[in-house]
Amino acid sequence: MPYVYSVPHLGNFVGSVLPADVYYKYLKMKGDDAIFICGSDQHGTPTELAAIKKGIEPSVLADEMHERVKKLFEKYGCTFTHYGKTNTPENKEVVYSIFNELYNNGYLLEREDMQAYCNVDKRFLTDRFIQGTCPYCHKKSARGDQCDNCGRLLEPSQIIEPFCAICGKSDITFIKTKNLALELNKLQPDIAKFIKSNSKYNWSKDAINKSLSLLKEGLKPRDITRNMKWGFPVPLIGYENSVIYVWITGLIGYIGITKEWDSKRWRDYWQNEHTQLIQFLGKDNTIFHTIIWPGMAIGSRLGFIMPHTIKESQFLVSETVKFSKSHGVGLNMSAALEILEADYWRFALMHMYPENADSEFTERGLVETVNVIMNDKIGNLAQRVLKLSKSNRFLVEGDISVDDAAVKKIIKDYCDAFDNMQLKKAIGTVVRLADLGNGIMSKKEPWMLAKKAKDDAKAERQSKKIFSELLAITYAMGILLYPFAPKASAELLSYFGIDTEPTLEMLNNKVKPNLDEEPKPIFQKMTNKEIEKLKKYA
RNA sequence: AGCGAGGUAGGGUAGCCUGGAGUACCCGUCGGGCUCAUAACCCGAAGAUCGGAAGUUCAAAUCUUCCCCUCGCUACCA
């Protein structure tokens with residue numbers, strides 16, 4: 001679920017929403033009963049501060065951003081069952097029911113703490129909004145949570161000559177506040193049991209080990225309320241100035257959004273032990289999904305399900321291209337669409353998907369993927385097969401079906417890769433299929449055979465076989481391409497008379513190629529103009 | 001500082017769980033083939049002390065230990 005106080009950048013997109021959409025499209029092709037729930041995470045400090053800066057209500061900004069981001073995801077071809085948001089009555093109800101049960105069941109601990117308050121801004125300051133001099137290295141740029149110079153973790157009260165990062169003034173007082181903490185320590189045995197049983201379902205090594213190591217250290221209570229205004233008010237007397245922490249309304253938001261989608265059926269998914277909950281997230285928020293949500297699900301005793309699979313991604317980083325989200329100047333999702341159409345980004349980003357390690361986004365890498373992989377290998381193969389078939393129609397006879405063993409093997413590898421949550425491997429098999437087709441082209445030289453076929457019965461037979469084989473590969477490629485480049489997939493499949501969403505079942509069907517129309521390339525190379533546009537972000 | 005992950009030809013990756021000759025893929029470089037297709041495609045070659053050191057083993061990129069570098073988390077950024 002993206003946090004939307006500004007437009008997400010490409011790294012955010014490739015980390016969670018895109019792989020989730022790709023995987024969901026695969027599940028639909030497979031015919032599984034799957035729903036794809038996503039939405040805008042709206043609460044939290046960054047949104048509140050951005051709203052203050054703009055002089056508008058946080059809810060107004062949050063809804064504005066929600067609409068913008070929602071449209072943007074749609075432009076990228078994401079097909080959510082429902083794209084909702086966290087600040088809704090539906091989510092509030094679910095959040096309160098879970099919160100109240102956690103309270104009633106004795107899992108919420110009241111804790112008192114001294115917290116910095118800015119008398120100018122009239123608000124409590126989270127740790128990182130207190131700045132000043134580091135007590136260890138005496139650098140003046142330390143924040144309340146950490147000193148970037150010496151790397152030491154700090155307490156806000158340790159900061160020498162503290163000032164407020166929002167207004168820059170030093171009019172700060174420390175006031176006693178109370179918050180409620182989720183007693184993860186009490187829930188530890190059940191959380192541990194959950195992680196041990198479910199982490200075998202294709203969790204990444206990183207996700208498993210950091211969750212296990214946290215358990216080994218011993219879980220500690222974690223505050224789930226904050227002294228701020230923007231959010232769901234804490235439904236308890238004595239907490240009038242507090243709201244429920246953004247992560248709590250976000251994690252539960254998946255449920256609230258499902259409820260927003262369907263006020264009855266949401267329980268069939270969330271309170272059904274047969275549901276497989278598959279969550280896609282970046283490496284920076286793994287523990288919220290592996291520890292904190294399970295803790296709430298267990299502690300509330302409302303029968304909510306926990307994740308079956310955690311699909312964690314590392315980061316897409318760039319040293320040469322600005323991704324900056326906070327300043328609104330980087331190559332974000334909106335800016336990217338002005339350079340290339342959605343399909344190109346979908347495919348290229350998945351091709352550089354940081355599945356097991358951070359991966360580097362470079363102009364060179366993007367151009368290579370678009371020009372070589374998409375255009376030269378995949379797009380051009382489709383084009384040469386279709387054109388050759390069109391100009392030798394007498395050799396295209398009857399129906400096409402996928403029955404070559406090598407093609408079937410690639411399709412099986414594609415499915416296995418998806419079923420094992422190996423998305424980079426899955427996209428790799430599409431490229432392999434194109435390689436296979438291009439290889440056959442060169443080895444068998446069907447254009448030579450086609451010339452001979454006019455007065456040579458043997459050559460005619462051979463040609464027909466090869467044409468049918470190549471068309472089958474092109475057809476299969478059209479289907480396998482669907483999760484990654486849905487528009488190009490649809491264009492390619494239109495030459496086989498298919499105008500509906502592709503399914504894996506279609507790979508077993510016989511189809512008739514439609515060679516009446518002049519085939520158009522499904523992909524094109526990046527033009528110099530497009531590359532120039534990309535360079536602006538360097 | 002502690003914990004987790006990553007480090008593999010010039011660049012980008014896969015391989016590591018389950019040890020078997022540096023195996024594979026894309027770009028780039030060099031040589032050849034082809035002319036159906038979008039100046040595309042195919043074949044071949046060169047290029048790597050697999051971050052470093054030690055250990056286990058008949059055998060280590062893979063297992064163990066230590067060290068170095070990068071990223072993330074460390075509980076009030078999300």
# chains A, B, ... in the order shown; residues from 1 in each chain; ligands from 1
>>> closest_atom_pairs(of="chain A", to="chain B", cutoff="6 Å", atoms="only C-alpha atoms (C1' of nucleotides)", output="tab-separated table")
residue	atom	partner	partner_atom	distance
A:Thr126	CA	B:C76	C1'	5.1
A:Asp127	CA	B:C76	C1'	5.9
A:Asp206	CA	B:A5	C1'	5.3
A:Lys210	CA	B:G4	C1'	4.7
A:Arg222	CA	B:A75	C1'	5.7
A:Asp284	CA	B:G72	C1'	5.9
A:Ala357	CA	B:G6	C1'	5.6
A:Arg384	CA	B:A37	C1'	3.8
A:Leu388	CA	B:C36	C1'	5.5
A:Ser442	CA	B:C42	C1'	5.2
A:Trp447	CA	B:C36	C1'	5.4
>>> write_last_selection(atoms="all heavy atoms", output="mmCIF file, in the first residue's frame")
data_model
loop_
_atom_site.group_PDB
_atom_site.id
_atom_site.type_symbol
_atom_site.label_atom_id
_atom_site.label_comp_id
_atom_site.auth_asym_id
_atom_site.auth_seq_id
_atom_site.Cartn_x
_atom_site.Cartn_y
_atom_site.Cartn_z
ATOM 1 N N THR A 126 7.755 14.704 16.622
ATOM 2 C CA THR A 126 8.304 13.352 16.593
ATOM 3 C C THR A 126 9.814 13.490 16.650
ATOM 4 O O THR A 126 10.370 14.550 16.348
ATOM 5 C CB THR A 126 7.888 12.605 15.315
ATOM 6 O OG1 THR A 126 8.373 13.320 14.196
ATOM 7 C CG2 THR A 126 6.371 12.517 15.210
ATOM 8 N N ASP A 127 10.454 12.404 16.995
ATOM 9 C CA ASP A 127 11.893 12.454 17.271
ATOM 10 C C ASP A 127 12.702 13.149 16.187
ATOM 11 O O ASP A 127 13.618 13.912 16.464
ATOM 12 C CB ASP A 127 12.436 11.036 17.478
ATOM 13 C CG ASP A 127 11.882 10.407 18.753
ATOM 14 O OD1 ASP A 127 11.110 11.101 19.468
ATOM 15 O OD2 ASP A 127 12.203 9.245 19.027
ATOM 16 N N ASP A 206 15.776 -12.602 3.385
ATOM 17 C CA ASP A 206 15.873 -11.389 4.191
ATOM 18 C C ASP A 206 14.673 -11.248 5.126
ATOM 19 O O ASP A 206 14.818 -10.980 6.318
ATOM 20 C CB ASP A 206 15.964 -10.176 3.250
ATOM 21 C CG ASP A 206 16.275 -8.883 3.979
ATOM 22 O OD1 ASP A 206 16.955 -8.937 5.013
ATOM 23 O OD2 ASP A 206 15.832 -7.820 3.502
ATOM 24 N N LYS A 210 15.223 -11.582 9.200
ATOM 25 C CA LYS A 210 15.123 -10.417 10.093
ATOM 26 C C LYS A 210 13.945 -10.554 11.034
ATOM 27 O O LYS A 210 14.001 -10.063 12.157
ATOM 28 C CB LYS A 210 15.180 -9.095 9.336
ATOM 29 C CG LYS A 210 14.080 -8.717 8.441
ATOM 30 C CD LYS A 210 14.564 -7.480 7.665
ATOM 31 C CE LYS A 210 13.529 -6.982 6.704
ATOM 32 N NZ LYS A 210 14.120 -6.097 5.701
ATOM 33 N N ARG A 222 5.209 -1.880 21.527
ATOM 34 C CA ARG A 222 5.434 -0.839 20.531
ATOM 35 C C ARG A 222 4.231 0.102 20.526
ATOM 36 O O ARG A 222 3.087 -0.342 20.408
ATOM 37 C CB ARG A 222 5.603 -1.489 19.165
ATOM 38 C CG ARG A 222 5.993 -0.513 18.097
ATOM 39 C CD ARG A 222 6.695 -1.251 16.979
ATOM 40 N NE ARG A 222 6.973 -0.344 15.874
ATOM 41 C CZ ARG A 222 7.984 -0.474 15.034
ATOM 42 N NH1 ARG A 222 8.829 -1.465 15.180
ATOM 43 N NH2 ARG A 222 8.164 0.369 14.050
ATOM 44 N N ASP A 284 11.940 -2.098 3.684
ATOM 45 C CA ASP A 284 11.927 -1.226 4.862
ATOM 46 C C ASP A 284 10.697 -1.447 5.736
ATOM 47 O O ASP A 284 10.674 -1.002 6.866
ATOM 48 C CB ASP A 284 12.024 0.250 4.438
ATOM 49 C CG ASP A 284 10.935 0.646 3.454
ATOM 50 O OD1 ASP A 284 10.403 -0.249 2.763
ATOM 51 O OD2 ASP A 284 10.601 1.833 3.377
ATOM 52 N N ALA A 357 18.200 -8.387 -4.263
ATOM 53 C CA ALA A 357 19.229 -7.415 -3.898
ATOM 54 C C ALA A 357 18.819 -6.078 -4.499
ATOM 55 O O ALA A 357 18.047 -6.041 -5.458
ATOM 56 C CB ALA A 357 20.582 -7.850 -4.449
ATOM 57 N N ARG A 384 8.369 -10.119 -37.511
ATOM 58 C CA ARG A 384 8.905 -10.887 -38.641
ATOM 59 C C ARG A 384 8.067 -12.133 -38.905
ATOM 60 O O ARG A 384 7.868 -12.516 -40.054
ATOM 61 C CB ARG A 384 10.400 -11.187 -38.458
ATOM 62 C CG ARG A 384 10.767 -12.020 -37.245
ATOM 63 C CD ARG A 384 12.228 -11.893 -36.824
ATOM 64 N NE ARG A 384 13.182 -12.342 -37.823
ATOM 65 C CZ ARG A 384 14.360 -12.913 -37.525
ATOM 66 N NH1 ARG A 384 14.717 -13.111 -36.256
ATOM 67 N NH2 ARG A 384 15.193 -13.269 -38.456
ATOM 68 N N LEU A 388 6.027 -12.315 -42.403
ATOM 69 C CA LEU A 388 6.403 -13.440 -43.254
ATOM 70 C C LEU A 388 5.187 -14.334 -43.533
ATOM 71 O O LEU A 388 4.994 -14.813 -44.651
ATOM 72 C CB LEU A 388 7.521 -14.245 -42.591
ATOM 73 C CG LEU A 388 8.182 -15.341 -43.426
ATOM 74 C CD1 LEU A 388 8.880 -14.748 -44.640
ATOM 75 C CD2 LEU A 388 9.202 -16.112 -42.584
ATOM 76 N N SER A 442 16.510 -18.262 -37.648
ATOM 77 C CA SER A 442 17.820 -18.289 -38.277
ATOM 78 C C SER A 442 18.203 -19.678 -38.767
ATOM 79 O O SER A 442 18.768 -19.828 -39.842
ATOM 80 C CB SER A 442 18.887 -17.811 -37.290
ATOM 81 O OG SER A 442 18.859 -16.423 -37.228
ATOM 82 N N TRP A 447 11.977 -18.206 -44.907
ATOM 83 C CA TRP A 447 11.801 -17.402 -46.131
ATOM 84 C C TRP A 447 12.391 -18.113 -47.352
ATOM 85 O O TRP A 447 11.901 -17.961 -48.455
ATOM 86 C CB TRP A 447 12.406 -16.008 -45.956
ATOM 87 C CG TRP A 447 13.868 -16.005 -45.593
ATOM 88 C CD1 TRP A 447 14.923 -15.978 -46.447
ATOM 89 C CD2 TRP A 447 14.425 -16.083 -44.283
ATOM 90 N NE1 TRP A 447 16.108 -16.027 -45.761
ATOM 91 C CE2 TRP A 447 15.845 -16.083 -44.416
ATOM 92 C CE3 TRP A 447 13.885 -16.142 -42.973
ATOM 93 C CZ2 TRP A 447 16.706 -16.156 -43.334
ATOM 94 C CZ3 TRP A 447 14.745 -16.192 -41.896
ATOM 95 C CH2 TRP A 447 16.140 -16.209 -42.077
#
>>> residues_around(residues="stretch 259-272 of chain A", least_positions_apart="3", cutoff="10 Å", atoms="only C-alpha atoms (C1' of nucleotides)", output="list in words")
Ala34, Ile35, Ile37, Thr81, His82, Tyr83, Gly84, Lys85, Thr86, Thr88, Pro89, Glu90, Asn91, Glu93, Val94, Gly253, Tyr254, Ile255, Gly256, Thr275, Gln276, Leu277, Leu302, Gly303, Phe304, Ile305 and Met306 of chain A
>>> select_by_dssp(residues="stretch 448-506 of chain A", states="alpha helix (DSSP H)", output="JSON, numbers by chain")
{"A": [448, 449, 450, 451, 452, 453, 457, 458, 459, 460, 461, 462, 463, 464, 465, 466, 467, 468, 469, 470, 471, 472, 473, 474, 475, 476, 477, 478, 479, 480, 486, 487, 488, 489, 490, 491, 492, 493, 494]}
>>> write_last_selection(atoms="C-alpha atoms", output="mmCIF file, in the first residue's frame")
data_model
loop_
_atom_site.group_PDB
_atom_site.id
_atom_site.type_symbol
_atom_site.label_atom_id
_atom_site.label_comp_id
_atom_site.auth_asym_id
_atom_site.auth_seq_id
_atom_site.Cartn_x
_atom_site.Cartn_y
_atom_site.Cartn_z
ATOM 1 C CA MET A 448 14.072 -19.680 -48.196
ATOM 2 C CA LEU A 449 11.737 -22.609 -47.809
ATOM 3 C CA ALA A 450 8.782 -20.449 -48.724
ATOM 4 C CA LYS A 451 10.420 -19.608 -52.064
ATOM 5 C CA LYS A 452 11.036 -23.280 -52.785
ATOM 6 C CA ALA A 453 7.608 -24.285 -51.582
ATOM 7 C CA ALA A 457 5.997 -30.400 -52.261
ATOM 8 C CA LYS A 458 8.551 -31.376 -49.636
ATOM 9 C CA ALA A 459 9.547 -27.770 -49.026
ATOM 10 C CA GLU A 460 5.892 -26.874 -48.833
ATOM 11 C CA ARG A 461 5.265 -29.433 -46.100
ATOM 12 C CA GLN A 462 8.323 -28.273 -44.161
ATOM 13 C CA SER A 463 7.350 -24.662 -44.535
ATOM 14 C CA LYS A 464 3.861 -25.191 -43.249
ATOM 15 C CA LYS A 465 5.225 -26.934 -40.205
ATOM 16 C CA ILE A 466 7.705 -24.186 -39.432
ATOM 17 C CA PHE A 467 5.197 -21.416 -40.041
ATOM 18 C CA SER A 468 2.789 -23.069 -37.694
ATOM 19 C CA GLU A 469 5.519 -23.519 -35.081
ATOM 20 C CA LEU A 470 6.592 -19.886 -35.307
ATOM 21 C CA LEU A 471 3.041 -18.625 -35.156
ATOM 22 C CA ALA A 472 2.435 -20.777 -32.084
ATOM 23 C CA ILE A 473 5.473 -19.235 -30.398
ATOM 24 C CA THR A 474 4.227 -15.750 -31.260
ATOM 25 C CA TYR A 475 0.802 -16.607 -29.926
ATOM 26 C CA ALA A 476 2.216 -18.037 -26.684
ATOM 27 C CA MET A 477 4.414 -14.967 -26.324
ATOM 28 C CA GLY A 478 1.320 -12.793 -26.585
ATOM 29 C CA ILE A 479 -0.245 -14.612 -23.673
ATOM 30 C CA LEU A 480 2.832 -14.793 -21.461
ATOM 31 C CA PRO A 486 -0.970 -5.955 -21.090
ATOM 32 C CA LYS A 487 -1.441 -3.549 -23.959
ATOM 33 C CA ALA A 488 1.214 -5.111 -26.170
ATOM 34 C CA SER A 489 -0.187 -8.515 -25.258
ATOM 35 C CA ALA A 490 -3.651 -7.483 -26.424
ATOM 36 C CA GLU A 491 -2.272 -6.083 -29.678
ATOM 37 C CA LEU A 492 -0.368 -9.251 -30.407
ATOM 38 C CA LEU A 493 -3.283 -11.509 -29.533
ATOM 39 C CA SER A 494 -5.570 -9.533 -31.807
#
>>> atom_distance(atom1="atom CA of A:Phe174", atom2="atom CA of A:Cys137")
23.4 Å
>>> select_by_dssp(residues="stretch 99-247 of chain A", states="strand (DSSP E or B)", output="JSON, numbers by chain")
{"A": [108, 109, 110, 111, 112, 113, 114, 115, 116, 117, 118, 123, 124, 130, 131, 132, 133, 142, 143, 146, 153, 160, 161, 162, 163, 164, 172, 173, 174, 175, 176, 177, 178, 179, 180, 181, 182, 222, 223, 225, 226, 233, 243, 244]}
>>> residues_around(residues="stretch 155-165 of chain A", least_positions_apart="6", cutoff="12 Å", atoms="only C-alpha atoms (C1' of nucleotides)", output="PyMOL selection string")
(chain A and resi 49+113-147+171-175) or (chain B and resi 76)
>>> write_last_selection(atoms="N, CA and C atoms (P, O5', C5', C4', C3', O3' and C1' of nucleotides)", output="compact mmCIF listing (two decimals), in the first residue's frame")
# COMPACT_ATOMS: atom_id res chain seq x y z
N LEU A 49 1.98 17.34 7.93
CA LEU A 49 2.88 18.49 7.75
C LEU A 49 2.75 19.11 6.35
N ASP A 113 5.60 9.13 28.89
CA ASP A 113 6.88 9.49 28.31
C ASP A 113 6.96 11.01 28.25
N MET A 114 8.16 11.53 28.23
CA MET A 114 8.32 12.96 28.04
C MET A 114 8.49 13.21 26.54
N GLN A 115 7.64 14.08 26.01
CA GLN A 115 7.78 14.33 24.58
C GLN A 115 7.91 15.81 24.28
N ALA A 116 8.73 16.09 23.28
CA ALA A 116 9.00 17.48 22.92
C ALA A 116 7.76 18.12 22.31
N TYR A 117 7.51 19.35 22.72
CA TYR A 117 6.36 20.09 22.21
C TYR A 117 6.85 21.44 21.71
N CYS A 118 6.48 21.80 20.50
CA CYS A 118 6.91 23.09 19.96
C CYS A 118 5.82 24.11 20.26
N ASN A 119 6.18 25.12 21.04
CA ASN A 119 5.20 26.13 21.44
C ASN A 119 4.82 27.05 20.29
N VAL A 120 5.66 27.09 19.26
CA VAL A 120 5.35 27.93 18.10
C VAL A 120 4.32 27.22 17.20
N ASP A 121 4.65 25.98 16.85
CA ASP A 121 3.76 25.23 15.96
C ASP A 121 2.58 24.62 16.72
N LYS A 122 2.65 24.67 18.04
CA LYS A 122 1.60 24.09 18.89
C LYS A 122 1.36 22.62 18.57
N ARG A 123 2.46 21.88 18.53
CA ARG A 123 2.29 20.45 18.26
C ARG A 123 3.46 19.68 18.86
N PHE A 124 3.19 18.39 19.12
CA PHE A 124 4.26 17.53 19.59
C PHE A 124 5.19 17.23 18.43
N LEU A 125 6.45 17.10 18.73
CA LEU A 125 7.43 16.84 17.68
C LEU A 125 7.88 15.38 17.75
N THR A 126 7.75 14.70 16.62
CA THR A 126 8.30 13.35 16.59
C THR A 126 9.81 13.49 16.65
N ASP A 127 10.45 12.40 16.99
CA ASP A 127 11.89 12.45 17.27
C ASP A 127 12.70 13.15 16.19
N ARG A 128 12.35 12.84 14.94
CA ARG A 128 13.19 13.38 13.87
C ARG A 128 12.95 14.85 13.58
N PHE A 129 11.92 15.41 14.22
CA PHE A 129 11.68 16.84 14.01
C PHE A 129 12.36 17.70 15.07
N ILE A 130 13.11 17.04 15.92
CA ILE A 130 13.95 17.80 16.84
C ILE A 130 15.36 17.75 16.30
N GLN A 131 15.93 18.94 16.11
CA GLN A 131 17.30 18.96 15.61
C GLN A 131 18.16 19.74 16.57
N GLY A 132 19.46 19.53 16.45
CA GLY A 132 20.37 20.25 17.33
C GLY A 132 21.74 19.62 17.29
N THR A 133 22.47 19.79 18.38
CA THR A 133 23.85 19.34 18.42
C THR A 133 23.94 17.95 19.03
N CYS A 134 24.73 17.10 18.38
CA CYS A 134 24.91 15.72 18.85
C CYS A 134 25.74 15.72 20.14
N PRO A 135 25.28 15.01 21.17
CA PRO A 135 26.02 14.98 22.44
C PRO A 135 27.34 14.21 22.33
N TYR A 136 27.49 13.40 21.29
CA TYR A 136 28.71 12.60 21.15
C TYR A 136 29.75 13.29 20.26
N CYS A 137 29.33 13.62 19.02
CA CYS A 137 30.33 14.17 18.09
C CYS A 137 30.22 15.69 17.97
N HIS A 138 29.21 16.26 18.61
CA HIS A 138 29.01 17.71 18.64
C HIS A 138 28.76 18.35 17.28
N LYS A 139 28.37 17.53 16.33
CA LYS A 139 27.97 18.06 15.03
C LYS A 139 26.59 18.69 15.22
N LYS A 140 26.36 19.80 14.52
CA LYS A 140 25.13 20.54 14.77
C LYS A 140 23.91 19.99 14.02
N SER A 141 24.12 18.97 13.19
CA SER A 141 23.02 18.50 12.34
C SER A 141 22.31 17.25 12.86
N ALA A 142 22.45 16.96 14.14
CA ALA A 142 21.85 15.74 14.68
C ALA A 142 20.33 15.87 14.74
N ARG A 143 19.64 14.74 14.55
CA ARG A 143 18.19 14.69 14.72
C ARG A 143 17.88 13.94 16.01
N GLY A 144 16.64 14.07 16.44
CA GLY A 144 16.24 13.46 17.70
C GLY A 144 16.33 11.95 17.74
N ASP A 145 16.36 11.32 16.58
CA ASP A 145 16.44 9.86 16.58
C ASP A 145 17.84 9.34 16.29
N GLN A 146 18.61 10.14 15.57
CA GLN A 146 19.92 9.67 15.16
C GLN A 146 20.80 10.83 14.71
N CYS A 147 22.10 10.67 14.90
CA CYS A 147 23.03 11.65 14.36
C CYS A 147 23.61 11.08 13.07
N ASP A 171 11.78 27.19 20.80
CA ASP A 171 10.77 27.28 21.86
C ASP A 171 10.14 25.90 22.09
N ILE A 172 10.96 25.01 22.67
CA ILE A 172 10.51 23.62 22.86
C ILE A 172 10.44 23.29 24.34
N THR A 173 9.36 22.66 24.75
CA THR A 173 9.29 22.15 26.11
C THR A 173 8.99 20.66 26.07
N PHE A 174 9.46 19.95 27.08
CA PHE A 174 9.17 18.52 27.15
C PHE A 174 7.97 18.31 28.07
N ILE A 175 6.95 17.70 27.53
CA ILE A 175 5.70 17.52 28.26
C ILE A 175 5.44 16.04 28.44
P C B 76 8.10 3.80 18.55
O5' C B 76 8.62 5.01 17.66
C5' C B 76 8.26 5.09 16.28
C4' C B 76 8.20 6.55 15.86
C3' C B 76 9.49 7.32 16.14
O3' C B 76 9.60 8.37 15.19
C1' C B 76 7.74 8.30 17.31
>>> residues_around(residues="B:A61", least_positions_apart="4", cutoff="8 Å", atoms="only C-alpha atoms (C1' of nucleotides)", output="short mmCIF file (atom, residue, chain, number, x, y, z; two decimals) with N, CA and C atoms (P, O5', C5', C4', C3', O3' and C1' of nucleotides), in the first residue's frame")
data_model
loop_
_atom_site.label_atom_id
_atom_site.label_comp_id
_atom_site.auth_asym_id
_atom_site.auth_seq_id
_atom_site.Cartn_x
_atom_site.Cartn_y
_atom_site.Cartn_z
P U B 8 29.81 -8.06 -7.61
"O5'" U B 8 30.09 -9.61 -7.88
"C5'" U B 8 31.41 -10.14 -7.81
"C4'" U B 8 31.50 -11.36 -8.69
"C3'" U B 8 31.23 -11.10 -10.16
"O3'" U B 8 32.39 -10.65 -10.82
"C1'" U B 8 29.99 -12.99 -9.46
P C B 16 20.95 -22.12 -6.89
"O5'" C B 16 22.15 -21.92 -5.85
"C5'" C B 16 23.23 -22.86 -5.79
"C4'" C B 16 24.12 -22.52 -4.62
"C3'" C B 16 23.42 -22.48 -3.27
"O3'" C B 16 24.28 -23.07 -2.29
"C1'" C B 16 24.44 -20.38 -3.71
P C B 50 37.75 -16.10 -7.50
"O5'" C B 50 36.67 -15.11 -8.15
"C5'" C B 50 36.32 -13.91 -7.50
"C4'" C B 50 34.81 -13.75 -7.51
"C3'" C B 50 34.12 -14.02 -6.17
"O3'" C B 50 33.09 -13.08 -6.00
"C1'" C B 50 33.17 -15.37 -7.84
#
>>> residues_around(residues="stretch 432-441 of chain A", least_positions_apart="2", cutoff="7 Å", atoms="only C-alpha atoms (C1' of nucleotides)", output="VMD selection string")
(chain A and resid 377 to 378 381 407 410 428 to 430 443 to 446 470 473 477) or (chain B and resid 41 to 42)
>>> residues_around(residues="A:Leu184", least_positions_apart="2", cutoff="7 Å", atoms="only C-alpha atoms (C1' of nucleotides)", output="CSV table (one decimal) with N, CA and C atoms, in the first residue's frame")
chain,number,residue,atom,x,y,z
A,182,LEU,N,1.3,-1.7,21.9
A,182,LEU,CA,0.9,-3.1,21.7
A,182,LEU,C,1.9,-4.0,22.4
A,186,LYS,N,3.9,-10.1,24.9
A,186,LYS,CA,2.9,-11.2,25.3
A,186,LYS,C,2.5,-12.1,24.2
A,187,LEU,N,2.6,-11.5,23.0
A,187,LEU,CA,2.1,-12.2,21.8
A,187,LEU,C,3.2,-13.0,21.1
A,188,GLN,N,4.4,-12.8,21.6
A,188,GLN,CA,5.6,-13.4,21.0
A,188,GLN,C,5.5,-14.9,20.6
A,219,LEU,N,10.6,-9.6,21.5
A,219,LEU,CA,9.7,-8.5,21.1
A,219,LEU,C,9.4,-7.6,22.3
A,220,LYS,N,9.3,-6.3,22.0
A,220,LYS,CA,9.0,-5.3,23.0
A,220,LYS,C,7.7,-4.6,22.7
A,221,PRO,N,7.1,-4.1,23.7
A,221,PRO,CA,5.8,-3.3,23.4
A,221,PRO,C,6.2,-2.2,22.4
A,295,GLY,N,0.6,-9.8,15.2
A,295,GLY,CA,0.4,-9.6,16.6
A,295,GLY,C,-1.0,-9.0,16.8
>>> residues_around(residues="A:Phe288", least_positions_apart="4", cutoff="10 Å", atoms="only C-alpha atoms (C1' of nucleotides)", output="list of chain:residue names")
A:Ser211, A:Trp247, A:Ile248, A:Gly250, A:Leu251, A:Leu281, A:Asp284, A:Ile292, A:Trp293, A:Pro294, A:Gly295
>>> atom_distance(atom1="atom CA of A:Glu363", atom2="atom CA of A:Met421")
27.5 Å
>>> atom_distance(atom1="atom CA of A:Val246", atom2="atom CA of A:Arg346")
29.1 Å
>>> closest_residue(among="B:C69, B:A9, B:G2, B:G31", to="B:G47", atoms="only C-alpha atoms (C1' of nucleotides)")
B:A9
